[in-house]
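Asks: If it helps, the file is called my_file.tsv and holds TSV, C-alpha atoms:
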chain	number	residue	atom	x	y	z
O	1	GLU	CA	13.03	30.14	29.83
O	2	LYS	CA	13.09	26.61	31.18
O	3	PRO	CA	11.69	23.81	29.03
O	4	PRO	CA	8.45	22.21	30.23
O	5	THR	CA	8.78	19.31	32.62
O	6	ARG	CA	7.70	15.78	31.71
O	7	SER	CA	4.58	16.03	33.86
O	8	GLN	CA	3.65	19.32	32.20
O	9	VAL	CA	4.01	17.77	28.73
O	10	ARG	CA	1.91	14.78	29.74
O	11	TYR	CA	-0.77	17.03	31.21
O	12	TRP	CA	-0.86	19.10	28.00
O	13	LEU	CA	-1.16	15.99	25.84
O	14	ARG	CA	-3.83	14.49	28.09
O	15	THR	CA	-5.95	17.65	28.07
O	16	ARG	CA	-5.32	18.80	24.48
O	17	LEU	CA	-4.64	15.71	22.35
O	18	ASP	CA	-6.67	12.87	23.83
O	19	ASP	CA	-10.01	13.22	22.06
O	20	ASP	CA	-11.00	12.12	18.55
O	21	ALA	CA	-11.18	15.63	17.10
O	22	SER	CA	-7.74	16.64	18.37
O	23	VAL	CA	-6.05	13.48	17.11
O	24	ASP	CA	-7.82	13.83	13.74
O	25	ALA	CA	-6.53	17.41	13.47
O	26	PHE	CA	-3.03	16.19	14.34
O	27	ALA	CA	-3.31	13.50	11.64
O	28	GLU	CA	-4.35	16.09	9.04
O	29	ALA	CA	-1.40	18.30	9.99
O	30	VAL	CA	1.01	15.34	9.73
O	31	GLU	CA	-0.42	14.42	6.31
O	32	GLU	CA	-0.02	17.99	5.06
O	33	ILE	CA	3.61	18.14	6.18
O	34	SER	CA	4.28	14.68	4.75
O	35	ILE	CA	2.91	15.64	1.32
O	36	GLU	CA	5.10	18.74	1.38
O	37	ILE	CA	8.16	16.62	2.17
O	38	ALA	CA	7.22	14.10	-0.54
O	39	HIS	CA	7.02	16.82	-3.20
O	40	MET	CA	10.30	18.28	-1.97
O	41	ILE	CA	12.21	14.99	-2.28
O	42	GLU	CA	10.76	14.38	-5.77
O	43	ILE	CA	8.09	11.79	-5.02
O	44	GLY	CA	5.09	11.67	-7.36
O	45	LYS	CA	6.14	14.40	-9.78
O	46	PRO	CA	3.76	14.36	-12.79
O	47	SER	CA	6.49	15.70	-15.08
O	48	ARG	CA	8.45	12.48	-14.57
O	49	ASP	CA	5.42	10.24	-14.84
O	50	SER	CA	4.95	7.16	-17.02
O	51	ILE	CA	1.59	5.42	-17.17
O	52	THR	CA	3.06	2.34	-18.86
O	53	HIS	CA	6.28	2.09	-16.85
O	54	PRO	CA	5.60	3.77	-13.48
O	55	GLY	CA	8.63	4.25	-11.31
O	56	ILE	CA	9.04	3.48	-7.62
O	57	GLU	CA	8.52	7.16	-6.79
O	58	HIS	CA	5.01	7.04	-8.31
O	59	GLY	CA	3.63	4.36	-6.02
O	60	LEU	CA	1.47	4.41	-2.89
O	61	ILE	CA	2.80	1.54	-0.80
O	62	GLY	CA	1.11	-0.07	2.16
O	63	ASP	CA	1.61	-2.68	4.82
O	64	ALA	CA	0.11	-3.63	8.17
O	65	THR	CA	1.64	-4.87	11.40
O	66	TYR	CA	0.37	-5.88	14.82
O	67	LEU	CA	1.64	-4.15	17.94
O	68	ARG	CA	1.37	-5.74	21.35
O	69	GLY	CA	-0.55	-3.61	23.82
O	70	MET	CA	0.80	-2.00	26.94
O	71	TYR	CA	-0.92	-4.57	29.14
O	72	ASP	CA	-1.34	-8.32	28.67
O	73	THR	CA	-4.80	-8.22	30.23
O	74	SER	CA	-7.99	-7.11	28.53
O	75	PHE	CA	-11.45	-6.11	29.72
O	76	ASP	CA	-12.54	-9.75	29.57
O	77	ASP	CA	-9.72	-10.72	31.93
O	78	ALA	CA	-10.84	-8.05	34.42
O	79	VAL	CA	-14.22	-9.70	34.89
O	80	ASP	CA	-14.34	-12.83	37.06
O	81	LYS	CA	-16.06	-15.48	34.92
O	82	GLU	CA	-17.45	-17.29	37.96
O	83	THR	CA	-18.80	-14.41	40.05
O	84	GLY	CA	-19.07	-11.65	37.43
O	85	GLU	CA	-17.25	-9.30	39.79
O	86	PHE	CA	-14.86	-6.71	38.41
O	87	ARG	CA	-11.27	-7.32	39.47
O	88	THR	CA	-8.80	-4.49	39.85
O	89	LEU	CA	-6.49	-4.99	36.86
O	90	ARG	CA	-4.72	-2.62	34.56
O	91	PHE	CA	-5.84	-3.08	30.98
O	92	ASP	CA	-6.22	-1.15	27.74
O	93	PRO	CA	-9.95	-0.63	27.18
O	94	ASP	CA	-9.54	-0.41	23.38
O	95	ALA	CA	-7.00	-3.16	22.68
O	96	ARG	CA	-8.22	-6.53	21.42
O	97	LYS	CA	-6.50	-9.89	21.46
O	98	VAL	CA	-4.44	-10.64	18.37
O	99	GLN	CA	-3.78	-14.24	17.37
O	100	GLN	CA	-0.58	-13.31	15.53
O	101	ASP	CA	0.97	-12.18	18.82
O	102	LYS	CA	0.25	-15.20	21.07
O	103	GLY	CA	-3.23	-13.95	21.82
O	104	TYR	CA	-2.14	-10.79	23.65
O	105	PRO	CA	-4.25	-7.62	23.34
O	106	GLY	CA	-2.95	-5.16	20.78
O	107	TYR	CA	-3.58	-3.04	17.72
O	108	ARG	CA	-3.23	-3.41	13.99
O	109	VAL	CA	-1.40	-0.47	12.42
O	110	THR	CA	-1.71	0.10	8.65
O	111	HIS	CA	0.05	2.91	6.83
O	112	VAL	CA	0.45	4.31	3.32
O	113	SER	CA	3.83	5.60	2.19
O	114	SER	CA	6.05	6.36	-0.80
O	115	HIS	CA	9.75	5.99	-1.57
O	116	ASN	CA	11.99	7.70	-4.11
O	117	GLY	CA	14.50	4.86	-4.39
O	118	HIS	CA	17.22	6.44	-2.24
O	119	PRO	CA	18.17	5.12	1.21
O	120	ARG	CA	16.13	6.53	4.13
O	121	GLU	CA	14.03	8.73	1.82
O	122	GLU	CA	10.59	7.29	2.48
O	123	VAL	CA	7.52	9.29	3.52
O	124	VAL	CA	4.54	7.95	5.48
O	125	TYR	CA	1.39	9.98	4.79
O	126	ALA	CA	-1.31	8.43	6.94
O	127	ILE	CA	-1.95	5.60	9.37
O	128	ASP	CA	-4.93	3.54	10.46
O	129	VAL	CA	-5.03	2.09	13.96
O	130	SER	CA	-7.54	-0.69	14.57
O	131	PRO	CA	-8.12	-2.69	17.76
O	132	GLY	CA	-6.99	-6.27	17.21
O	133	GLN	CA	-8.05	-7.75	13.89
O	134	GLN	CA	-11.13	-5.65	13.22
O	135	GLY	CA	-11.85	-5.14	9.52
O	136	SER	CA	-9.59	-5.64	6.52
O	137	ASP	CA	-6.14	-4.08	6.56
O	138	ALA	CA	-6.14	-3.90	2.73
O	139	ALA	CA	-9.46	-2.01	2.81
O	140	ALA	CA	-8.04	0.40	5.40
O	141	PHE	CA	-4.95	0.97	3.24
O	142	LEU	CA	-7.02	1.52	0.10
O	143	ASP	CA	-9.33	3.97	1.87
O	144	MET	CA	-6.31	6.06	2.85
O	145	ALA	CA	-4.67	5.73	-0.59
O	146	LEU	CA	-7.80	6.81	-2.48
O	147	GLU	CA	-8.30	9.77	-0.15
O	148	LEU	CA	-4.68	10.76	-0.70
O	149	PHE	CA	-4.68	10.25	-4.49
O	150	PRO	CA	-6.33	13.62	-5.40
O	151	LYS	CA	-3.66	15.38	-3.36
O	152	MET	CA	-0.89	13.40	-5.10
O	153	PRO	CA	-2.13	13.17	-8.72
O	154	GLY	CA	1.27	12.04	-9.96
O	155	MET	CA	0.82	8.64	-8.33
O	156	ARG	CA	0.16	5.67	-10.61
O	157	THR	CA	0.28	2.47	-8.55
O	158	VAL	CA	-0.91	1.01	-5.26
O	159	VAL	CA	1.37	-1.68	-3.86
O	160	TYR	CA	0.19	-4.17	-1.24
O	161	ASP	CA	0.55	-7.82	-0.32
O	162	GLY	CA	-1.79	-10.76	-0.95
O	163	ALA	CA	-4.43	-9.30	1.40
O	164	MET	CA	-5.49	-7.02	-1.48
O	165	TYR	CA	-8.31	-9.07	-3.02
O	166	PRO	CA	-10.22	-8.56	-6.30
O	167	VAL	CA	-12.78	-6.26	-4.64
O	168	HIS	CA	-9.94	-3.96	-3.59
O	169	ILE	CA	-8.21	-4.22	-6.97
O	170	ASP	CA	-11.44	-3.23	-8.76
O	171	ARG	CA	-11.75	-0.14	-6.53
O	172	ALA	CA	-8.17	0.90	-7.29
O	173	LEU	CA	-8.60	0.42	-11.04
O	174	SER	CA	-11.82	2.44	-11.04
O	175	ALA	CA	-10.02	5.30	-9.29
O	176	GLY	CA	-7.25	5.31	-11.90
O	177	LEU	CA	-4.50	3.46	-10.01
O	178	ILE	CA	-2.69	0.29	-11.08
O	179	PRO	CA	-2.63	-2.40	-8.35
O	180	ILE	CA	0.70	-4.19	-7.87
O	181	ASN	CA	0.57	-7.50	-6.00
O	182	HIS	CA	0.68	-11.25	-6.49
O	183	VAL	CA	-2.31	-13.23	-7.72
O	184	GLN	CA	-3.67	-15.47	-4.97
O	185	LEU	CA	-4.21	-19.17	-5.56
O	186	THR	CA	-7.77	-20.46	-5.68
O	187	ALA	CA	-9.47	-22.14	-2.72
O	188	LYS	CA	-8.30	-25.47	-4.16
O	189	GLY	CA	-4.69	-24.29	-4.29
O	190	GLU	CA	-4.70	-23.93	-8.07
O	191	VAL	CA	-3.48	-21.11	-10.31
O	192	ALA	CA	-6.22	-18.54	-10.93
O	193	THR	CA	-7.53	-18.19	-14.50
O	194	PHE	CA	-10.19	-16.07	-16.20
O	195	ASN	CA	-11.34	-16.47	-19.82
O	196	ILE	CA	-12.22	-13.16	-21.52
O	197	GLY	CA	-13.15	-14.63	-24.90
O	198	GLU	CA	-11.97	-13.99	-28.43
O	199	HIS	CA	-9.83	-10.98	-29.34
O	200	THR	CA	-8.76	-9.75	-32.77
O	201	PHE	CA	-5.02	-9.30	-33.23
O	202	THR	CA	-3.43	-7.13	-35.92
O	203	THR	CA	-0.25	-8.56	-37.41
O	204	ARG	CA	2.74	-6.53	-38.50
O	205	GLY	CA	1.55	-6.96	-42.04
O	206	GLY	CA	-1.85	-5.50	-41.22
O	207	LYS	CA	-3.79	-8.78	-41.35
O	208	LYS	CA	-6.32	-9.84	-38.70
O	209	HIS	CA	-6.11	-12.91	-36.50
O	210	THR	CA	-8.59	-14.08	-33.85
O	211	ALA	CA	-7.62	-15.97	-30.67
O	212	VAL	CA	-9.15	-16.74	-27.29
O	213	VAL	CA	-7.44	-14.80	-24.48
O	214	THR	CA	-7.28	-16.10	-20.91
O	215	PHE	CA	-5.73	-14.44	-17.88
O	216	ILE	CA	-3.48	-16.94	-16.11
O	217	ASP	CA	-1.83	-15.90	-12.85
O	218	GLY	CA	-1.62	-12.28	-13.99
O	219	PRO	CA	-0.80	-11.91	-17.69
O	220	PRO	CA	-3.13	-12.60	-20.65
O	221	CYS	CA	-2.29	-15.80	-22.50
O	222	VAL	CA	-3.23	-17.52	-25.77
O	223	THR	CA	-2.97	-21.12	-26.91
O	224	ILE	CA	-0.95	-22.12	-29.97
O	225	ALA	CA	-1.28	-25.48	-31.72
O	226	THR	CA	1.91	-27.02	-33.16
O	227	VAL	CA	2.89	-30.46	-34.40
O	228	GLU	CA	4.12	-31.15	-30.87
O	229	GLY	CA	0.78	-30.26	-29.29
O	230	ARG	CA	-0.90	-27.23	-27.76
O	231	HIS	CA	1.17	-24.60	-25.96
O	232	THR	CA	0.07	-21.72	-23.71
O	233	ILE	CA	1.93	-18.51	-24.54
O	234	GLU	CA	2.11	-15.38	-22.36
O	235	LEU	CA	1.57	-12.18	-24.30
O	236	VAL	CA	4.02	-9.29	-24.05
O	237	ARG	CA	2.86	-6.04	-22.45
O	238	GLY	CA	2.77	-2.88	-24.53
O	239	GLN	CA	1.36	0.58	-23.82
O	240	ASN	CA	-1.28	1.16	-21.14
O	241	LYS	CA	-4.40	3.01	-22.31
O	242	PRO	CA	-6.55	4.31	-19.44
O	243	ARG	CA	-9.87	5.85	-20.50
O	244	HIS	CA	-11.53	8.46	-18.30
O	245	ASN	CA	-15.29	8.14	-18.07
O	246	ALA	CA	-17.92	10.85	-17.65
O	247	ASP	CA	-18.72	9.69	-14.09
O	248	GLY	CA	-15.12	10.24	-12.96
O	249	THR	CA	-14.09	6.59	-13.04
O	250	VAL	CA	-11.31	5.12	-15.18
O	251	THR	CA	-11.40	2.04	-17.42
O	252	HIS	CA	-8.00	0.45	-17.96
O	253	TYR	CA	-6.92	-1.05	-21.29
O	254	ALA	CA	-3.49	-2.07	-22.54
O	255	HIS	CA	-1.89	-3.24	-25.78
O	256	TRP	CA	-0.51	-6.79	-25.63
O	257	ALA	CA	1.34	-8.68	-28.36
O	258	TYR	CA	2.51	-12.15	-29.36
O	259	PRO	CA	6.16	-12.60	-28.32
O	260	ASP	CA	9.02	-13.01	-30.77
O	261	ASP	CA	9.42	-16.62	-29.74
O	262	PRO	CA	10.42	-19.55	-31.99
O	263	ILE	CA	7.32	-21.46	-30.93
O	264	VAL	CA	5.08	-18.67	-32.29
O	265	PRO	CA	4.36	-18.80	-36.06
O	266	VAL	CA	6.34	-16.13	-37.90
O	267	HIS	CA	3.25	-14.32	-39.20
O	268	LEU	CA	1.88	-13.93	-35.64
O	269	ARG	CA	5.01	-12.59	-33.98
O	270	GLY	CA	4.38	-9.03	-32.81
O	271	ALA	CA	0.63	-9.16	-33.55
O	272	THR	CA	-1.16	-6.84	-31.09
O	273	THR	CA	-4.59	-6.46	-29.52
O	274	LEU	CA	-6.24	-4.18	-26.96
O	275	ILE	CA	-7.19	-5.93	-23.72
O	276	ARG	CA	-9.46	-4.61	-20.99
O	277	PHE	CA	-8.32	-5.01	-17.36
O	278	SER	CA	-11.14	-3.20	-15.58
O	279	PRO	CA	-14.15	-5.40	-14.75
O	280	THR	CA	-17.27	-5.18	-16.91
O	281	ASP	CA	-20.72	-4.39	-15.52
O	282	GLU	CA	-21.71	-8.04	-16.01
O	283	GLU	CA	-18.73	-9.23	-13.97
O	284	LEU	CA	-19.48	-6.77	-11.18
O	285	ALA	CA	-23.09	-7.97	-11.10
O	286	THR	CA	-22.00	-11.58	-10.62
O	287	GLY	CA	-19.28	-10.72	-8.11
O	288	ARG	CA	-16.64	-12.64	-10.07
O	289	THR	CA	-14.37	-10.23	-11.93
O	290	ARG	CA	-11.28	-10.67	-14.07
O	291	SER	CA	-9.22	-9.10	-11.28
O	292	ARG	CA	-9.22	-12.57	-9.74
O	293	ALA	CA	-6.53	-13.54	-12.27
O	294	ALA	CA	-5.54	-10.35	-14.15
O	295	ARG	CA	-2.72	-7.91	-13.38
O	296	MET	CA	-1.70	-4.98	-15.56
O	297	ILE	CA	1.89	-5.39	-14.39
O	298	PRO	CA	2.12	-9.12	-13.63
O	299	ARG	CA	4.82	-11.01	-11.84
O	300	GLY	CA	7.55	-11.70	-14.38
O	301	ASP	CA	7.19	-8.28	-16.03
O	302	PRO	CA	10.43	-6.21	-15.88
O	303	ASP	CA	8.56	-3.43	-14.03
O	304	PHE	CA	7.24	-5.74	-11.31
O	305	PRO	CA	10.41	-6.30	-9.19
O	306	PRO	CA	11.24	-2.61	-8.60
O	307	THR	CA	7.65	-1.57	-7.90
O	308	TYR	CA	6.60	-4.50	-5.73
O	309	GLY	CA	10.04	-4.71	-4.14
O	310	SER	CA	9.51	-1.25	-2.68
O	311	ARG	CA	7.38	-2.96	-0.02
O	312	ASN	CA	10.64	-4.05	1.64
O	313	ASN	CA	11.18	-0.44	2.73
O	314	THR	CA	7.69	-0.35	4.22
O	315	GLU	CA	8.23	-3.56	6.17
O	316	ASN	CA	11.54	-2.15	7.39
O	317	ARG	CA	9.64	0.86	8.74
O	318	HIS	CA	7.57	-1.45	10.89
O	319	HIS	CA	10.72	-3.19	12.11
O	320	GLN	CA	12.19	0.18	13.13
O	321	LEU	CA	8.92	1.08	14.84
O	322	LYS	CA	8.97	-2.07	16.97
O	323	LEU	CA	12.63	-1.52	17.85
O	324	SER	CA	11.72	1.94	19.16
O	325	LEU	CA	9.14	0.47	21.57
O	326	PRO	CA	10.17	-0.88	24.98
O	327	ASN	CA	10.17	-4.69	24.74
O	328	LYS	CA	8.52	-4.25	21.30
O	329	ARG	CA	5.23	-3.33	22.93
O	330	LEU	CA	3.29	-0.09	23.15
O	331	ASN	CA	4.07	2.27	26.02
O	332	VAL	CA	0.67	4.01	25.85
O	333	SER	CA	-2.89	2.73	26.17
O	334	GLY	CA	-6.14	3.82	24.54
O	335	ILE	CA	-6.66	4.06	20.80
O	336	ASN	CA	-6.26	7.85	20.60
O	337	ARG	CA	-2.99	7.76	22.50
O	338	VAL	CA	-1.77	4.93	20.27
O	339	ARG	CA	-2.72	6.96	17.16
O	340	ARG	CA	-0.91	9.98	18.56
O	341	ARG	CA	2.14	7.88	19.34
O	342	MET	CA	2.23	6.42	15.82
O	343	LEU	CA	1.71	9.80	14.14
O	344	ALA	CA	4.54	11.34	16.16
O	345	HIS	CA	6.84	8.43	15.29
O	346	TYR	CA	6.21	8.64	11.55
O	347	LEU	CA	6.39	12.43	11.52
O	348	THR	CA	9.87	12.11	13.03
O	349	LYS	CA	10.82	9.53	10.38
O	350	ASN	CA	9.52	11.83	7.62
O	351	LEU	CA	11.72	14.63	8.92
O	352	GLU	CA	14.63	12.18	8.88
O	353	ALA	CA	13.80	11.50	5.21
O	354	ALA	CA	14.01	15.24	4.53
O	355	ILE	CA	17.39	15.36	6.30
O	356	ALA	CA	18.63	12.40	4.22
O	357	TRP	CA	17.54	14.21	1.03
O	358	HIS	CA	19.32	17.37	2.27
O	359	GLU	CA	22.51	15.41	2.92
O	360	ARG	CA	22.33	13.84	-0.55
O	361	THR	CA	21.43	16.92	-2.59
O	362	GLY	CA	22.17	19.94	-0.39
O	363	GLY	CA	18.57	21.09	-0.85
O	364	ASP	CA	17.02	23.65	1.49
O	365	ILE	CA	14.89	22.21	4.32
O	366	SER	CA	15.27	25.07	6.80
O	367	HIS	CA	11.52	25.81	6.66
O	368	LEU	CA	10.83	22.46	8.33
O	369	PHE	CA	12.91	23.22	11.44
O	370	THR	CA	13.15	25.95	14.05
O	371	LEU	CA	16.94	25.79	13.80
O	372	PRO	CA	18.73	25.42	10.45
O	373	PRO	CA	20.04	21.90	9.70
O	374	PRO	CA	23.78	21.22	9.55
O	375	LEU	CA	25.51	21.70	6.22
O	376	ALA	CA	25.57	18.68	3.91
O	377	ASP	CA	29.38	18.65	3.80
O	378	ALA	CA	29.82	19.13	7.54
O	379	ALA	CA	32.10	16.62	9.20
When written as structure tokens, how does the structure in this file appear?
Replies:
Amino acid sequence: EKPPTRSQVRYWLRTRLDDDASVDAFAEAVEEISIEIAHMIEIGKPSRDSITHPGIEHGLIGDATYLRGMYDTSFDDAVDKETGEFRTLRFDPDARKVQQDKGYPGYRVTHVSSHNGHPREEVVYAIDVSPGQQGSDAAAFLDMALELFPKMPGMRTVVYDGAMYPVHIDRALSAGLIPINHVQLTAKGEVATFNIGEHTFTTRGGKKHTAVVTFIDGPPCVTIATVEGRHTIELVRGQNKPRHNADGTVTHYAHWAYPDDPIVPVHLRGATTLIRFSPTDEELATGRTRSRAARMIPRGDPDFPPTYGSRNNTENRHHQLKLSLPNKRLNVSGINRVRRRMLAHYLTKNLEAAIAWHERTGGDISHLFTLPPPLADAA
């Protein structure tokens, strides 16, 4: 039999995969295959999980990029501002102008992915396509991540850039995930702080000590008075202690201790206390929560570079996507066609991740292809 012609393929796509329901079904199928590939290449395995020191393979990573539309004109350009007459112009009816791309119409694409630490072995589960700059990209990422979390219970972190604000961090903590990102500066350009009051520390000798704890740019800190003056000391992270509530939410606590530092009095070195990172009901009522300055894995922690650094792979995915587009702009118009184009692109990349895993380990991936893949040791 002869393969279908290009016009036949386009007709089939136009008549079968151009409406919301069809594209949604395609997205669900891509997500199902992507989860299968992720489990196969050892992403998110609960048996290898660590709540206190989550690895790169236990993170849901996100990023957003802007794609220039197929046409440089929009619906507004097609209407003559003087006469109100409609001019015959080609334009994408769904694309909106994006300031980041010289004001040309386009789309914002946000995706959620995971990586196992090996080259080319990254899986993209879901995407969100939004006309122009509509809505928050961090909110779109978190919506996808929280919907995916029950299907990938081995995940422990959500990794995003500075667009993930306290309201998003509080949602992630409540769902049981640990947000990984930098703390934003205040509106005045100052380091963010949040005082959480006095805490009782237990020394190595079993004695009690009380000190005021303040979150400063991520970690909890205390102040120590010496003959040279007052010094702010960052506490050292210990074991994370998530507590599951009856309503299905999670409250995050963690043990933190005085460091073994010469500036710390000998009797306080190693003294520990339990610190809450989830917002209290009072904080939620006021709209100002500790997430403004608190991070369970702050910048400077040994676990921060490998987990947050995994975003480089995600940004590289967007770079590869733009390289695959003619002149780095979309070659389809209409939001459903753009969604379909993105889903097909990332499905192909996920299959490439499976092939990379097969080449590295020799594992069986024949069920993903009509024809068996080449042998791992083939020349």
Asks: So that each row is one residue of region 61-144 of chain O with an atom at most 8 Å from region 27-39 of chain O, can you give its shortest atom pair and the distance in Å to one decimal, using only C-alpha atoms, rows by chain and rising number, as a tab-separated table?
Replies:
residue	atom	partner	partner_atom	distance
O:Ser114	CA	O:Ala38	CA	7.8
O:Val123	CA	O:Ala38	CA	6.3
O:Val124	CA	O:Ser34	CA	6.8
O:Tyr125	CA	O:Glu31	CA	5.0
O:Ala126	CA	O:Glu31	CA	6.1
Asks: Using CA of Thr226 (chain O) and CA of Ile275 (chain O) as the two end points, give the distance in Å to one decimal.
Replies: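 We find that CA of Thr226 (chain O) and CA of Ile275 (chain O) lie 24.8 Å from each other.
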Asks: Out of O:Arg156, O:His345, O:Arg96, O:Lys2, which residue has the shortest atom-to-atom distance to Ser50 (chain O) when counting all atoms listed in the file?
Replies: O:Arg156
Asks: Taking only C-alpha atoms into account, name the residue in O:Asn336, O:Arg360, O:Lys207, O:Phe86 that is nearest to Ala21 (chain O).
Replies: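 The shortest atom-to-atom distance to Ala21 (chain O) comes from O:Asn336.
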Asks: Pick out the residues sitting within 8 Å of Glu352 (chain O), and hand them over as a list in words; count only C-alpha atoms, and ignore anything fewer than 3 positions along from it in its own chain.
Replies: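 Here the answer would be Arg120, Glu121, Thr348, Lys349, Ile355 and Ala356 of chain O.
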Asks: Between O:His53, O:Arg292, O:Arg68, O:His255, which one has atoms that come closest to Leu235 (chain O), using all atoms listed in the file?
Replies: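 Closest to Leu235 (chain O) of all the choices is O:His255.
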Asks: Just to confirm, what's the straight-line distance from CA of Leu13 (chain O) to CA of His318 (chain O) in Å (one decimal)?
Replies: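 CA of His318 (chain O) lies at a distance of 24.6 Å from CA of Leu13 (chain O).
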Asks: Counting only C-alpha atoms, which of O:Ala64, O:Met70, O:Ala285, O:Met296 gets nearest to Leu325 (chain O)?
Replies: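 Distance minimum relative to Leu325 (chain O) lands on O:Met70.
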Asks: Extract, using only C-alpha atoms, all DNA, RNA and protein residues at most 9 Å from Ile169 (chain O), discarding same-chain residues fewer than 5 positions from it, and format them as number ranges by chain.
Replies: O: 164, 174, 178-180, 291-292
Asks: What does the distance from CA of Ile51 (chain O) to CA of Ser136 (chain O) come to in Å, to one decimal?
Replies: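 It comes out at 28.4 Å.
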Asks: Out of O:Arg171, O:Arg340, O:His231, O:Arg276, which residue has the shortest atom-to-atom distance to Gly197 (chain O) when counting only C-alpha atoms?
Replies: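 Among O:Arg171, O:Arg340, O:His231, O:Arg276, it is O:Arg276 that comes nearest to Gly197 (chain O).
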Asks: Taking (12.7, -9.7, -27.2) in the file's coordinates, which residues come within 12 Å, counting only C-alpha atoms, written as a PyMOL selection string?
Replies: chain O and resi 235-237+257-262+269-270
Asks: Once you have the residues from the selection above, write them out as a CSV table (one decimal), keeping the file's coordinate frame, restricted to C-alpha atoms.
Replies:
chain,number,residue,atom,x,y,z
O,235,LEU,CA,1.6,-12.2,-24.3
O,236,VAL,CA,4.0,-9.3,-24.0
O,237,ARG,CA,2.9,-6.0,-22.4
O,257,ALA,CA,1.3,-8.7,-28.4
O,258,TYR,CA,2.5,-12.2,-29.4
O,259,PRO,CA,6.2,-12.6,-28.3
O,260,ASP,CA,9.0,-13.0,-30.8
O,261,ASP,CA,9.4,-16.6,-29.7
O,262,PRO,CA,10.4,-19.6,-32.0
O,269,ARG,CA,5.0,-12.6,-34.0
O,270,GLY,CA,4.4,-9.0,-32.8
Asks: So that I can see what lies close to His168 (chain O), please list as a VMD selection string the residues with an atom at most 8 Å from it, counting all atoms listed in the file and leaving out residues fewer than 3 positions away in the same chain.
Replies: chain O and resid 138 to 139 142 164 to 165 171 to 172
Asks: Given only C-alpha atoms as the basis, pick out the residue of O:Ala293, O:Val9, O:Val213, O:Leu67 nearest to Val338 (chain O).
Replies: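 Once distances to Val338 (chain O) are computed over only C-alpha atoms, the minimum belongs to O:Leu67.
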Asks: What's the 9 Å shell around Ser130 (chain O), counting all atoms listed in the file, without same-chain residues fewer than 5 positions away, as a list of chain:residue names?
Replies: O:Ala95, O:Gly106, O:Tyr107, O:Arg108, O:Val109, O:Thr110, O:Gly135, O:Asp137, O:Ile335
Asks: Mind dumping a table of every region 138-242 of chain O residue within 8 Å of region 304-312 of chain O, with the nearest atom pair and its distance in Å to one decimal, using only C-alpha atoms, sorted by chain and rising number, as a Markdown table?
Replies:
| residue | atom | partner | partner_atom | distance |
| --- | --- | --- | --- | --- |
| O:Val159 | CA | O:Tyr308 | CA | 6.2 |
| O:Tyr160 | CA | O:Arg311 | CA | 7.4 |
| O:Ile180 | CA | O:Tyr308 | CA | 6.3 |
| O:Asn181 | CA | O:Tyr308 | CA | 6.7 |
Asks: At most 8 Å is the cut-off: for each residue in region 100-207 of chain O with any atom that close to an atom of region 242-250 of chain O, write down the nearest atom pair and the distance in Å rounded to one decimal, counting all atoms listed in the file, chain first then increasing number, as a tab-separated table.
Replies:
residue	atom	partner	partner_atom	distance
O:Leu173	CA	O:Val250	CA	6.8
O:Ser174	CA	O:Val250	CA	5.0
O:Ala175	CA	O:Thr249	CA	5.7
O:Gly176	CA	O:Val250	CA	5.2
Asks: Find the residues around Pro279 (chain O) up to 8 Å (only C-alpha atoms counted), leave out those fewer than 4 positions away in its own chain, and share them as a compact mmCIF listing (two decimals) with C-alpha atoms, in the coordinates of the input.
Replies:
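Output saved as selection24.txt:
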# COMPACT_ATOMS: atom_id res chain seq x y z
CA ASP O 170 -11.44 -3.23 -8.76
CA GLU O 283 -18.73 -9.23 -13.97
CA LEU O 284 -19.48 -6.77 -11.18
CA THR O 289 -14.37 -10.23 -11.93
CA ARG O 290 -11.28 -10.67 -14.07
CA SER O 291 -9.22 -9.10 -11.28
